[in-house]
Every structure is written in structure tokens, then in C-alpha cells.
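*Asks:* File name input_5.cif; file contents mmCIF, C-alpha atoms; full text below.
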data_model
loop_
_atom_site.group_PDB
_atom_site.id
_atom_site.type_symbol
_atom_site.label_atom_id
_atom_site.label_comp_id
_atom_site.auth_asym_id
_atom_site.auth_seq_id
_atom_site.Cartn_x
_atom_site.Cartn_y
_atom_site.Cartn_z
ATOM 1 C CA MET A 1 -7.729 -86.281 -24.163
ATOM 2 C CA THR A 2 -8.313 -83.049 -26.050
ATOM 3 C CA PRO A 3 -11.872 -82.096 -27.026
ATOM 4 C CA GLU A 4 -11.084 -83.088 -30.622
ATOM 5 C CA GLU A 5 -9.713 -86.472 -29.586
ATOM 6 C CA PHE A 6 -12.712 -87.033 -27.392
ATOM 7 C CA ASN A 7 -15.124 -86.118 -30.175
ATOM 8 C CA GLU A 8 -13.421 -88.515 -32.556
ATOM 9 C CA ALA A 9 -13.315 -91.419 -30.123
ATOM 10 C CA PHE A 10 -16.880 -90.745 -29.044
ATOM 11 C CA ALA A 11 -18.088 -90.593 -32.613
ATOM 12 C CA LEU A 12 -16.529 -93.942 -33.422
ATOM 13 C CA CYS A 13 -17.911 -95.562 -30.277
ATOM 14 C CA HIS A 14 -21.291 -94.014 -31.042
ATOM 15 C CA PHE A 15 -21.604 -96.033 -34.203
ATOM 16 C CA LEU A 16 -20.471 -99.318 -32.758
ATOM 17 C CA PRO A 17 -23.019 -101.617 -31.182
ATOM 18 C CA GLY A 18 -23.552 -101.225 -27.474
ATOM 19 C CA PRO A 19 -23.580 -98.263 -25.127
ATOM 20 C CA ASN A 20 -21.080 -95.732 -26.389
ATOM 21 C CA ILE A 21 -19.831 -94.605 -22.988
ATOM 22 C CA VAL A 22 -19.136 -98.216 -22.115
ATOM 23 C CA ASN A 23 -17.164 -98.613 -25.320
ATOM 24 C CA LEU A 24 -15.298 -95.451 -24.480
ATOM 25 C CA SER A 25 -14.538 -96.545 -20.935
ATOM 26 C CA VAL A 26 -13.245 -99.876 -22.215
ATOM 27 C CA VAL A 27 -10.965 -98.167 -24.705
ATOM 28 C CA PHE A 28 -9.730 -95.787 -22.052
ATOM 29 C CA GLY A 29 -9.076 -98.564 -19.554
ATOM 30 C CA ALA A 30 -7.289 -100.588 -22.209
ATOM 31 C CA ARG A 31 -4.935 -97.718 -22.914
ATOM 32 C CA PHE A 32 -3.717 -97.813 -19.335
ATOM 33 C CA ARG A 33 -3.727 -101.446 -18.313
ATOM 34 C CA GLY A 34 -5.071 -103.557 -21.166
ATOM 35 C CA ILE A 35 -7.923 -105.928 -20.456
ATOM 36 C CA PRO A 36 -7.758 -105.558 -16.624
ATOM 37 C CA GLY A 37 -7.987 -101.796 -17.088
ATOM 38 C CA SER A 38 -11.016 -102.201 -19.328
ATOM 39 C CA ILE A 39 -12.717 -104.423 -16.778
ATOM 40 C CA ALA A 40 -11.970 -102.002 -13.931
ATOM 41 C CA ALA A 41 -13.331 -99.036 -15.874
ATOM 42 C CA PHE A 42 -16.402 -100.973 -16.970
ATOM 43 C CA LEU A 43 -17.235 -102.184 -13.453
ATOM 44 C CA GLY A 44 -16.731 -98.730 -12.032
ATOM 45 C CA LEU A 45 -19.017 -97.264 -14.657
ATOM 46 C CA VAL A 46 -21.982 -99.597 -14.368
ATOM 47 C CA GLY A 47 -21.749 -100.791 -10.756
ATOM 48 C CA PRO A 48 -23.120 -97.824 -8.788
ATOM 49 C CA PRO A 49 -26.017 -97.092 -11.191
ATOM 50 C CA VAL A 50 -27.179 -100.710 -10.940
ATOM 51 C CA VAL A 51 -27.482 -100.397 -7.174
ATOM 52 C CA ILE A 52 -29.019 -96.934 -7.184
ATOM 53 C CA VAL A 53 -31.482 -97.571 -9.970
ATOM 54 C CA THR A 54 -32.597 -100.787 -8.323
ATOM 55 C CA VAL A 55 -33.502 -98.845 -5.188
ATOM 56 C CA LEU A 56 -35.118 -96.026 -7.161
ATOM 57 C CA ALA A 57 -37.112 -98.483 -9.243
ATOM 58 C CA ALA A 58 -38.525 -100.000 -6.075
ATOM 59 C CA ILE A 59 -39.492 -96.569 -4.758
ATOM 60 C CA TYR A 60 -40.977 -95.497 -8.072
ATOM 61 C CA ALA A 61 -42.989 -98.696 -8.411
ATOM 62 C CA ARG A 62 -44.583 -97.936 -5.051
ATOM 63 C CA TYR A 63 -45.049 -94.161 -5.231
ATOM 64 C CA GLY A 64 -44.768 -93.340 -8.943
ATOM 65 C CA LYS A 65 -48.400 -92.402 -9.450
ATOM 66 C CA ILE A 66 -48.416 -89.604 -6.911
ATOM 67 C CA PRO A 67 -49.140 -86.362 -8.824
ATOM 68 C CA ALA A 68 -46.554 -84.357 -6.901
ATOM 69 C CA LEU A 69 -43.853 -86.827 -7.858
ATOM 70 C CA GLN A 70 -44.890 -86.734 -11.508
ATOM 71 C CA ARG A 71 -44.749 -82.927 -11.497
ATOM 72 C CA THR A 72 -41.326 -83.047 -9.886
ATOM 73 C CA LEU A 73 -40.037 -85.485 -12.484
ATOM 74 C CA ALA A 74 -41.395 -83.248 -15.251
ATOM 75 C CA GLY A 75 -39.338 -80.378 -13.853
ATOM 76 C CA VAL A 76 -36.236 -82.546 -13.549
ATOM 77 C CA SER A 77 -36.735 -83.676 -17.150
ATOM 78 C CA CYS A 78 -36.694 -80.090 -18.376
ATOM 79 C CA ALA A 79 -33.469 -79.407 -16.496
ATOM 80 C CA ALA A 80 -31.923 -82.631 -17.821
ATOM 81 C CA VAL A 81 -32.791 -81.701 -21.402
ATOM 82 C CA GLY A 82 -31.213 -78.297 -20.842
ATOM 83 C CA LEU A 83 -28.027 -79.983 -19.617
ATOM 84 C CA PHE A 84 -28.069 -82.221 -22.675
ATOM 85 C CA LEU A 85 -28.312 -79.176 -24.948
ATOM 86 C CA ALA A 86 -25.381 -77.636 -23.110
ATOM 87 C CA VAL A 87 -23.325 -80.754 -23.814
ATOM 88 C CA ILE A 88 -24.177 -80.580 -27.499
ATOM 89 C CA ALA A 89 -23.072 -76.957 -27.561
ATOM 90 C CA CYS A 90 -19.783 -77.942 -25.876
ATOM 91 C CA MET A 91 -19.173 -80.652 -28.454
ATOM 92 C CA MET A 92 -19.865 -78.263 -31.304
ATOM 93 C CA MET A 93 -17.263 -75.778 -30.117
ATOM 94 C CA PRO A 94 -14.218 -77.490 -31.707
ATOM 95 C CA LEU A 95 -16.004 -77.646 -35.068
ATOM 96 C CA LEU A 96 -17.089 -74.030 -34.831
ATOM 97 C CA LYS A 97 -13.588 -72.933 -33.843
ATOM 98 C CA ARG A 98 -12.090 -74.798 -36.810
ATOM 99 C CA ARG A 99 -14.632 -73.116 -39.074
ATOM 100 C CA ASP A 100 -14.785 -76.232 -41.186
ATOM 101 C CA PRO A 101 -17.666 -75.562 -43.597
ATOM 102 C CA ILE A 102 -17.884 -79.146 -44.856
ATOM 103 C CA ALA A 103 -18.129 -80.632 -41.389
ATOM 104 C CA LEU A 104 -20.681 -78.034 -40.362
ATOM 105 C CA ALA A 105 -22.699 -78.674 -43.504
ATOM 106 C CA LEU A 106 -22.718 -82.423 -42.794
ATOM 107 C CA LEU A 107 -23.749 -81.762 -39.213
ATOM 108 C CA ALA A 108 -26.563 -79.507 -40.352
ATOM 109 C CA ALA A 109 -27.693 -81.981 -42.990
ATOM 110 C CA VAL A 110 -27.930 -84.816 -40.468
ATOM 111 C CA PHE A 111 -29.775 -82.557 -38.054
ATOM 112 C CA VAL A 112 -32.297 -81.491 -40.667
ATOM 113 C CA ALA A 113 -32.787 -85.013 -41.969
ATOM 114 C CA ILE A 114 -33.239 -86.671 -38.581
ATOM 115 C CA GLY A 115 -34.504 -83.858 -36.389
ATOM 116 C CA LEU A 116 -36.707 -81.829 -38.714
ATOM 117 C CA LEU A 117 -37.685 -84.118 -41.553
ATOM 118 C CA ARG A 118 -37.724 -87.209 -39.302
ATOM 119 C CA LEU A 119 -36.245 -89.356 -42.027
ATOM 120 C CA PRO A 120 -35.378 -92.945 -41.102
ATOM 121 C CA LEU A 121 -32.013 -93.203 -39.429
ATOM 122 C CA VAL A 122 -30.531 -96.053 -41.452
ATOM 123 C CA PRO A 123 -30.893 -94.521 -44.942
ATOM 124 C CA VAL A 124 -29.638 -91.185 -43.690
ATOM 125 C CA LEU A 125 -26.556 -92.794 -42.204
ATOM 126 C CA LEU A 126 -26.007 -94.972 -45.258
ATOM 127 C CA ILE A 127 -25.701 -91.783 -47.278
ATOM 128 C CA ALA A 128 -24.056 -89.506 -44.745
ATOM 129 C CA ILE A 129 -21.307 -91.815 -43.485
ATOM 130 C CA PRO A 130 -19.760 -92.761 -46.854
ATOM 131 C CA LEU A 131 -20.028 -89.150 -47.982
ATOM 132 C CA SER A 132 -18.319 -87.925 -44.846
ATOM 133 C CA VAL A 133 -15.625 -90.590 -45.068
ATOM 134 C CA VAL A 134 -14.837 -89.642 -48.665
ATOM 135 C CA VAL A 135 -14.628 -85.976 -47.739
ATOM 136 C CA ALA A 136 -12.407 -86.729 -44.743
ATOM 137 C CA PHE A 137 -10.166 -88.936 -46.886
ATOM 138 C CA ILE A 138 -9.755 -86.229 -49.517
ATOM 139 C CA LEU A 139 -8.982 -83.650 -46.842
ATOM 140 C CA ARG A 140 -6.487 -86.029 -45.234
ATOM 141 C CA ARG A 141 -4.664 -86.533 -48.529
ATOM 142 C CA ARG A 142 -4.524 -82.809 -49.028
ATOM 143 C CA GLY A 143 -3.103 -82.462 -45.552
ATOM 144 C CA ALA A 144 -6.052 -80.457 -44.299
ATOM 145 C CA LEU A 145 -7.037 -82.996 -41.682
ATOM 146 C CA MET B 1 -1.030 -94.486 -6.771
ATOM 147 C CA ASN B 2 0.897 -95.043 -10.001
ATOM 148 C CA THR B 3 1.378 -98.765 -9.410
ATOM 149 C CA PRO B 4 -0.665 -101.026 -11.681
ATOM 150 C CA THR B 5 -3.043 -101.915 -8.873
ATOM 151 C CA GLY B 6 -3.303 -98.297 -7.830
ATOM 152 C CA THR B 7 -4.137 -97.218 -11.339
ATOM 153 C CA LEU B 8 -6.787 -99.894 -11.611
ATOM 154 C CA LEU B 9 -8.335 -98.885 -8.296
ATOM 155 C CA THR B 10 -8.202 -95.221 -9.223
ATOM 156 C CA MET B 11 -9.829 -95.939 -12.541
ATOM 157 C CA ALA B 12 -12.599 -97.971 -10.935
ATOM 158 C CA TRP B 13 -13.124 -95.205 -8.389
ATOM 159 C CA THR B 14 -13.195 -92.487 -11.055
ATOM 160 C CA PHE B 15 -15.714 -94.229 -13.240
ATOM 161 C CA GLY B 16 -17.803 -95.148 -10.221
ATOM 162 C CA LEU B 17 -17.793 -91.577 -8.994
ATOM 163 C CA MET B 18 -18.651 -90.163 -12.379
ATOM 164 C CA SER B 19 -21.480 -92.613 -12.830
ATOM 165 C CA LEU B 20 -22.863 -91.411 -9.511
ATOM 166 C CA LEU B 21 -22.620 -87.821 -10.653
ATOM 167 C CA ALA B 22 -24.293 -88.527 -13.952
ATOM 168 C CA ILE B 23 -27.779 -87.720 -12.772
ATOM 169 C CA GLY B 24 -29.984 -87.051 -15.748
ATOM 170 C CA GLY B 25 -27.399 -88.630 -18.015
ATOM 171 C CA ALA B 26 -23.659 -88.487 -18.282
ATOM 172 C CA ASN B 27 -24.050 -85.146 -19.989
ATOM 173 C CA SER B 28 -24.760 -83.495 -16.733
ATOM 174 C CA THR B 29 -21.277 -84.169 -15.382
ATOM 175 C CA ILE B 30 -19.396 -81.909 -17.775
ATOM 176 C CA PRO B 31 -19.634 -78.766 -15.632
ATOM 177 C CA GLU B 32 -18.842 -80.782 -12.537
ATOM 178 C CA ASN B 33 -15.805 -82.361 -14.137
ATOM 179 C CA ALA B 34 -14.617 -79.002 -15.366
ATOM 180 C CA SER B 35 -14.938 -77.481 -11.920
ATOM 181 C CA ARG B 36 -13.153 -80.446 -10.347
ATOM 182 C CA ARG B 37 -10.273 -79.922 -12.695
ATOM 183 C CA ARG B 38 -10.254 -76.212 -11.922
ATOM 184 C CA ARG B 39 -10.112 -76.986 -8.217
ATOM 185 C CA GLY B 40 -7.143 -79.237 -8.869
ATOM 186 C CA SER B 41 -8.782 -82.233 -7.268
ATOM 187 C CA ALA B 42 -8.626 -84.404 -10.328
ATOM 188 C CA LEU B 43 -6.944 -87.762 -10.506
ATOM 189 C CA ASP B 44 -3.230 -88.015 -10.045
ATOM 190 C CA VAL B 45 -2.650 -90.611 -12.714
ATOM 191 C CA GLY B 46 -1.850 -88.344 -15.614
ATOM 192 C CA CYS B 47 -3.211 -85.670 -17.864
ATOM 193 C CA ALA B 48 -5.099 -88.128 -20.038
ATOM 194 C CA VAL B 49 -7.236 -89.208 -17.127
ATOM 195 C CA ARG B 50 -8.056 -85.642 -16.225
ATOM 196 C CA GLY B 51 -8.878 -84.881 -19.805
ATOM 197 C CA TYR B 52 -11.077 -87.882 -19.997
ATOM 198 C CA VAL B 53 -12.833 -87.043 -16.781
ATOM 199 C CA ARG B 54 -13.358 -83.536 -17.996
ATOM 200 C CA TYR B 55 -14.809 -84.286 -21.369
ATOM 201 C CA CYS B 56 -16.076 -87.735 -21.147
ATOM 202 C CA THR B 57 -17.747 -89.755 -18.474
ATOM 203 C CA ILE B 58 -20.183 -87.547 -19.434
ATOM 204 C CA VAL B 59 -21.933 -87.812 -22.624
ATOM 205 C CA ALA B 60 -25.014 -89.566 -23.645
ATOM 206 C CA GLY B 61 -23.332 -92.840 -23.001
ATOM 207 C CA THR B 62 -23.697 -92.810 -19.284
ATOM 208 C CA LYS B 63 -27.329 -92.104 -19.885
ATOM 209 C CA ARG B 64 -27.354 -95.321 -21.841
ATOM 210 C CA ALA B 65 -25.482 -97.006 -19.028
ATOM 211 C CA ASP B 66 -28.171 -95.820 -16.630
ATOM 212 C CA ARG B 67 -30.791 -97.224 -18.944
ATOM 213 C CA ASP B 68 -28.933 -100.476 -19.102
ATOM 214 C CA ALA B 69 -28.673 -100.514 -15.351
ATOM 215 C CA ASP B 70 -32.403 -99.900 -15.223
ATOM 216 C CA ARG B 71 -33.051 -102.833 -17.497
ATOM 217 C CA LEU B 72 -30.680 -104.913 -15.480
ATOM 218 C CA SER B 73 -32.408 -104.020 -12.248
ATOM 219 C CA ARG B 74 -35.835 -104.749 -13.699
ATOM 220 C CA ARG B 75 -34.662 -108.121 -14.837
ATOM 221 C CA ARG B 76 -33.246 -108.697 -11.414
ATOM 222 C CA TYR B 77 -36.620 -107.858 -9.966
ATOM 223 C CA ARG B 78 -38.123 -110.524 -12.109
ATOM 224 C CA ARG B 79 -35.476 -112.834 -10.730
ATOM 225 C CA CYS B 80 -34.269 -113.659 -14.187
ATOM 226 C CA ALA B 81 -30.582 -114.222 -13.699
ATOM 227 C CA GLY B 82 -30.232 -115.356 -17.301
ATOM 228 C CA GLY B 83 -31.436 -111.951 -18.422
ATOM 229 C CA ASP B 84 -28.726 -110.322 -16.367
ATOM 230 C CA ILE B 85 -26.064 -112.534 -17.845
ATOM 231 C CA ARG B 86 -27.311 -111.957 -21.386
ATOM 232 C CA HIS B 87 -27.434 -108.246 -20.784
ATOM 233 C CA VAL B 88 -23.902 -108.078 -19.406
ATOM 234 C CA TRP B 89 -22.783 -110.148 -22.377
ATOM 235 C CA SER B 90 -24.569 -107.813 -24.761
ATOM 236 C CA ILE B 91 -22.533 -104.971 -23.307
ATOM 237 C CA GLY B 92 -19.333 -106.974 -23.140
ATOM 238 C CA ARG B 93 -19.233 -108.171 -26.735
ATOM 239 C CA PRO B 94 -19.077 -104.737 -28.341
ATOM 240 C CA CYS B 95 -16.584 -103.722 -25.684
ATOM 241 C CA LEU B 96 -14.259 -106.537 -26.654
ATOM 242 C CA PHE B 97 -14.819 -105.753 -30.312
ATOM 243 C CA ARG B 98 -14.058 -102.101 -29.745
ATOM 244 C CA GLN B 99 -10.914 -102.927 -27.835
ATOM 245 C CA GLN B 100 -9.687 -105.189 -30.621
ATOM 246 C CA CYS B 101 -10.358 -102.410 -33.117
ATOM 247 C CA ALA B 102 -8.380 -99.968 -30.990
ATOM 248 C CA ASP B 103 -5.481 -102.362 -30.612
ATOM 249 C CA ARG B 104 -5.178 -103.121 -34.304
ATOM 250 C CA SER B 105 -5.770 -99.706 -35.740
ATOM 251 C CA ASN B 106 -2.675 -97.850 -34.613
ATOM 252 C CA GLN B 107 -0.735 -98.001 -37.887
ATOM 253 C CA SER B 108 -3.369 -97.158 -40.489
ATOM 254 C CA ILE B 109 -4.582 -93.708 -41.518
ATOM 255 C CA TRP B 110 -8.116 -95.014 -41.781
ATOM 256 C CA PRO B 111 -9.022 -94.814 -38.099
ATOM 257 C CA GLU B 112 -8.161 -91.135 -38.148
ATOM 258 C CA VAL B 113 -10.134 -90.589 -41.353
ATOM 259 C CA LEU B 114 -13.085 -92.596 -40.089
ATOM 260 C CA GLN B 115 -13.169 -90.907 -36.725
ATOM 261 C CA ALA B 116 -12.887 -87.429 -38.234
ATOM 262 C CA ALA B 117 -15.668 -88.296 -40.657
ATOM 263 C CA LEU B 118 -17.973 -89.470 -37.892
ATOM 264 C CA VAL B 119 -17.616 -86.410 -35.664
ATOM 265 C CA PRO B 120 -20.022 -84.093 -37.530
ATOM 266 C CA ILE B 121 -22.505 -86.913 -38.059
ATOM 267 C CA SER B 122 -22.423 -87.859 -34.405
ATOM 268 C CA ILE B 123 -22.957 -84.280 -33.259
ATOM 269 C CA GLY B 124 -25.683 -83.863 -35.865
ATOM 270 C CA LEU B 125 -27.472 -86.891 -34.436
ATOM 271 C CA MET B 126 -27.107 -85.573 -30.921
ATOM 272 C CA SER B 127 -28.437 -82.198 -32.027
ATOM 273 C CA ALA B 128 -31.425 -83.892 -33.564
ATOM 274 C CA SER B 129 -31.940 -85.813 -30.333
ATOM 275 C CA GLY B 130 -31.708 -82.581 -28.369
ATOM 276 C CA PHE B 131 -34.220 -80.903 -30.652
ATOM 277 C CA ILE B 132 -36.658 -83.779 -30.366
ATOM 278 C CA LEU B 133 -36.232 -83.948 -26.608
ATOM 279 C CA THR B 134 -36.832 -80.221 -26.373
ATOM 280 C CA ILE B 135 -40.055 -80.217 -28.333
ATOM 281 C CA THR B 136 -41.216 -83.349 -26.525
ATOM 282 C CA THR B 137 -40.422 -82.166 -23.021
ATOM 283 C CA GLY B 138 -41.074 -78.471 -23.557
ATOM 284 C CA GLY B 139 -44.812 -78.706 -23.930
ATOM 285 C CA THR B 140 -45.365 -75.245 -22.514
ATOM 286 C CA TRP B 141 -43.541 -71.946 -22.771
ATOM 287 C CA VAL B 142 -42.516 -72.254 -19.142
ATOM 288 C CA ALA B 143 -40.942 -75.624 -19.828
ATOM 289 C CA VAL B 144 -39.059 -74.212 -22.818
ATOM 290 C CA VAL B 145 -37.808 -71.325 -20.687
ATOM 291 C CA LEU B 146 -36.654 -73.810 -18.044
ATOM 292 C CA ILE B 147 -34.825 -75.903 -20.651
ATOM 293 C CA VAL B 148 -33.113 -72.880 -22.172
ATOM 294 C CA GLY B 149 -32.287 -71.517 -18.737
ATOM 295 C CA ALA B 150 -30.756 -74.812 -17.616
ATOM 296 C CA ALA B 151 -28.670 -74.964 -20.793
ATOM 297 C CA ALA B 152 -27.500 -71.376 -20.369
ATOM 298 C CA LEU B 153 -26.598 -71.958 -16.717
ATOM 299 C CA ALA B 154 -24.644 -75.099 -17.521
ATOM 300 C CA LEU B 155 -22.740 -73.339 -20.287
ATOM 301 C CA ALA B 156 -22.067 -70.063 -18.553
ATOM 302 C CA THR B 157 -21.334 -71.173 -15.002
ATOM 303 C CA ARG B 158 -19.493 -73.894 -13.132
ATOM 304 C CA LEU B 159 -22.645 -74.730 -11.234
ATOM 305 C CA ASN B 160 -22.930 -78.358 -10.232
ATOM 306 C CA PRO B 161 -25.553 -79.924 -12.525
ATOM 307 C CA LEU B 162 -27.150 -81.507 -9.504
ATOM 308 C CA TRP B 163 -28.275 -78.052 -8.384
ATOM 309 C CA ILE B 164 -29.829 -77.371 -11.767
ATOM 310 C CA LEU B 165 -31.723 -80.653 -11.571
ATOM 311 C CA ILE B 166 -32.840 -79.885 -8.008
ATOM 312 C CA VAL B 167 -34.137 -76.455 -9.024
ATOM 313 C CA GLY B 168 -35.973 -78.075 -11.934
ATOM 314 C CA GLY B 169 -37.510 -80.581 -9.545
ATOM 315 C CA ILE B 170 -38.577 -77.872 -7.108
ATOM 316 C CA LEU B 171 -40.176 -75.843 -9.898
ATOM 317 C CA GLY B 172 -41.937 -78.944 -11.131
ATOM 318 C CA PHE B 173 -43.136 -79.791 -7.635
ATOM 319 C CA ALA B 174 -44.459 -76.254 -7.264
ATOM 320 C CA GLY B 175 -46.507 -76.741 -10.428
ATOM 321 C CA VAL B 176 -44.622 -74.154 -12.460
ATOM 322 C CA VAL B 177 -43.783 -76.532 -15.329
#
Show me the file's structure as C-alpha cells.

*Replies:*
Amino acid sequence: MTPEEFNEAFALCHFLPGPNIVNLSVVFGARFRGIPGSIAAFLGLVGPPVVIVTVLAAIYARYGKIPALQRTLAGVSCAAVGLFLAVIACMMMPLLKRRDPIALALLAAVFVAIGLLRLPLVPVLLIAIPLSVVVAFILRRRGAL
Amino acid sequence: MNTPTGTLLTMAWTFGLMSLLAIGGANSTIPENASRRRRGSALDVGCAVRGYVRYCTIVAGTKRADRDADRLSRRRYRRCAGGDIRHVWSIGRPCLFRQQCADRSNQSIWPEVLQAALVPISIGLMSASGFILTITTGGTWVAVVLIVGAAALALATRLNPLWILIVGGILGFAGVV
């Protein structure tokens, strides 16, 4: 999968109900071995976290109020947010390299609406998605997509 | 390992491994996946798998999977097997739906148009999430510096994200954050 293909598949899965990485793993598994492939990918994805988080939840329930642990988790949270920002930057790279002003403008508009103005998600998406689809369709017909 | 069973086992192993690496969310596995590929230790079942491992396992989704696992485990603690079954079903239904969409959408131009249209919106939403997470978590200047530093390290180096999380934890434990 190229970064562009990944972005497109991820974006579609993002808007479907359910966890997007699970959707993506199911699609990926299906490409290789159909339904058995989807099941294998799904079980591999969710199995280990279920076990680990169960153990961690038990530990946290017992020791979660210790101040040192709370401080440690605060530090881990900062690092995790930093990693998340790095991922966003990685995903933006294909768009920035294509220098597609319309896509970048849509991205910025969604960011401002949701992140800065804190507008409700549903109305923003009800406007942004059809607009973006129309733009993509026009570009596709012109051969620019 | 290119037999059907081998591919299935490899796929289960890959997703299991990546879910283990996805500490702090699937996002944190991007540098690790990239370095694995660089070391040539990626899967031997084709380029698509390596590409997927590199770019995918990754993203916010595994974070959601962790959250789902958390919910699942909590329900298990309450000994509510029905909750587990409902939860698995709630994941499974969209999966089946998504698979049907993928199977039926190979001939039309619309999947391509739709997917291309959703990319900037999806990244815009993630950016907004990142911004909100930053201002929520970064309550102090030190926290903001740590967030920016972690992001810069992840982008500029092949450092395993686990090390970045460990350093963050140590700094937090020391009372720096």
C-alpha cells in the first residue's frame, strides 16, 4: 500500500461505523484470503490488547491512585500525544507533496471548524463531505485525480 | 509461508505483533514499522503486507481497538458475557459491511472519488483531535515542550516509540511534567 492508498482507505474506514483500524484490517485480510483472512487479521489485532489491558486494568484498579503513578501516566500521555502529532504530520505529507490547494483548503477548513471553533461534528461533516465529493468528482472528470 | 494457511498465520501474527507495539495508540508504531522495513525483517508475504505494516497498523484505529479491548475487559470483569458478545458483534457488523463495500466497489469510479474526497477531511479531523489533545494534555510549558519534542523525535529519527513513551514516563515520575 502506498501512502496515498493508505490515506484513501483509512479515510473511508474512518467514516464507517466501528473502529477504523478494525475495518482496515478486515479489508486487508479480505484482499488476501477473503473472509478467513479478515477473521485472522481481526483476531490478531484485538486478541493481545484484550489480554494485556485486562491485566493492566486490574493493576490500575488496585494502584491507580498512587501519586507517582499518576505523574508517570501524565508524562506518558504527553509523549503519546507527541507521537500522534507525528502521525498526523506523516499523513499530511502526500497532500503537501501534491500541492493540492483544494484538498489543503478543505483540510484547513475542517481543522478550524472542529479544532478551533469547536463546531458540532455532524453539521460540519454534512457540509464538508458533499463539498469534497463534488470537488473530487470534478477533478476526476478533468483527469486531475 | 505463502500457502493459504501460512498467509493466514502470518497475518494473525503480524496484526498481533503490531497491536502489541501500539502502546499509546496505533500511531506510535509508524516509526517502528518503518525501521523494521529498513532492517529488512518485514513479512515475506508480499510488498502489500510490508506497505500495510509500514503505514497502517498504526493509526488512530488501534487506539480505538485498545479502547474497545478496555471496554471488553471491563465488561469481562463484571462477568457480563452478553456485553462481550454484543461488543464483538458491534465491531463485526461494520467489518462485514465494509468488506461487502470493498467487494462490490471494484468497477465504479465512485469509490476512488469518495476516498479521495475523504482524505483531506479525515486528516483535518485528526489534526483537530491532535490540537485538542495538545491543549488538553499540555497544561504547562514543560508538557508542551515534551509533546513537541516527542513529535520531533518520532518524525526525525527511527527511534522506537516505546523509548519515547518510557522517557515521557520517567520525566513524569520525576515530577517534571

*Asks:* Under the PyMOL selection byres ((chain B and resi 124-136) around 7), which residues of this model are included? Write them out as a ChimeraX atom specification.

*Replies:* /A:81,84-85,88,107-108,110-111,114-115 /B:120-123,137-139

*Asks:* With only C-alpha atoms as the counted atoms, please give the residues lying no more than 10 Å from Leu9 of chain B, apart from itself and same-chain residues fewer than 6 positions off, as an mmCIF file with C-alpha atoms, in the frame of the given file.

*Replies:*
data_model
loop_
_atom_site.group_PDB
_atom_site.id
_atom_site.type_symbol
_atom_site.label_atom_id
_atom_site.label_comp_id
_atom_site.auth_asym_id
_atom_site.auth_seq_id
_atom_site.Cartn_x
_atom_site.Cartn_y
_atom_site.Cartn_z
ATOM 1 C CA GLY A 37 -7.987 -101.796 -17.088
ATOM 2 C CA ALA A 40 -11.970 -102.002 -13.931
ATOM 3 C CA ALA A 41 -13.331 -99.036 -15.874
ATOM 4 C CA GLY A 44 -16.731 -98.730 -12.032
ATOM 5 C CA MET B 1 -1.030 -94.486 -6.771
ATOM 6 C CA THR B 3 1.378 -98.765 -9.410
#

*Asks:* So what do you get for atom CA of Ser25 of chain A versus atom CA of Pro123 of chain A, distance-wise?

*Replies:* 29.1 Å

*Asks:* If you measure from atom CA of Leu171 of chain B to atom CA of Gly75 of chain A, what distance in Å do you get, rounded to one decimal?

*Replies:*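 Straight-line distance from atom CA of Leu171 of chain B to atom CA of Gly75 of chain A works out to 6.1 Å.
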
*Asks:* Please list, as a list in words, the residues that have an atom at most 9 Å away from (-2.5, -97.7, -15.6) in the coordinates of this file, counting all atoms listed in the file.

*Replies:*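 Protein, DNA and RNA residues close to (-2.5, -97.7, -15.6): Gly29, Ala30, Arg31, Phe32, Arg33, Gly34 and Gly37 of chain A; Asn2, Thr3, Pro4, Thr5, Gly6, Thr7, Leu8, Thr10, Met11 and Val45 of chain B.
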
*Asks:* Using all atoms listed in the file, which of the listed residues (A:Ala80, A:Val55, A:Val122, A:Leu131) sits closest to chain B?

*Replies:*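 Smallest distance to chain B is found for A:Ala80.
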
*Asks:* So that I can check the surroundings of Ile147 of chain B, please list as a ChimeraX atom specification every protein, DNA and RNA residue that reaches within 6 Å of it, counting all atoms listed in the file and ignoring chain neighbours fewer than 4 positions away.

*Replies:* /A:78-79,82

*Asks:* Which residues, named as in the file, does the PyMOL selection byres ((chain A and resi 133-143) around 12) pick out? Answer as a list in words.

*Replies:* Asp100, Pro101, Ile102, Ala103, Ala105, Leu106, Leu125, Leu126, Ile127, Ala128, Ile129, Pro130, Leu131, Ser132, Ala144 and Leu145 of chain A; Ile109, Trp110, Pro111, Glu112, Val113, Leu114, Gln115, Ala116, Ala117, Leu118, Val119, Pro120 and Ile121 of chain B

*Asks:* Could you tell me how far atom CA of Val144 of chain B sits from atom CA of Arg71 of chain A, in Å to one decimal place?

*Replies:*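 These atoms are spaced 15.4 Å apart.
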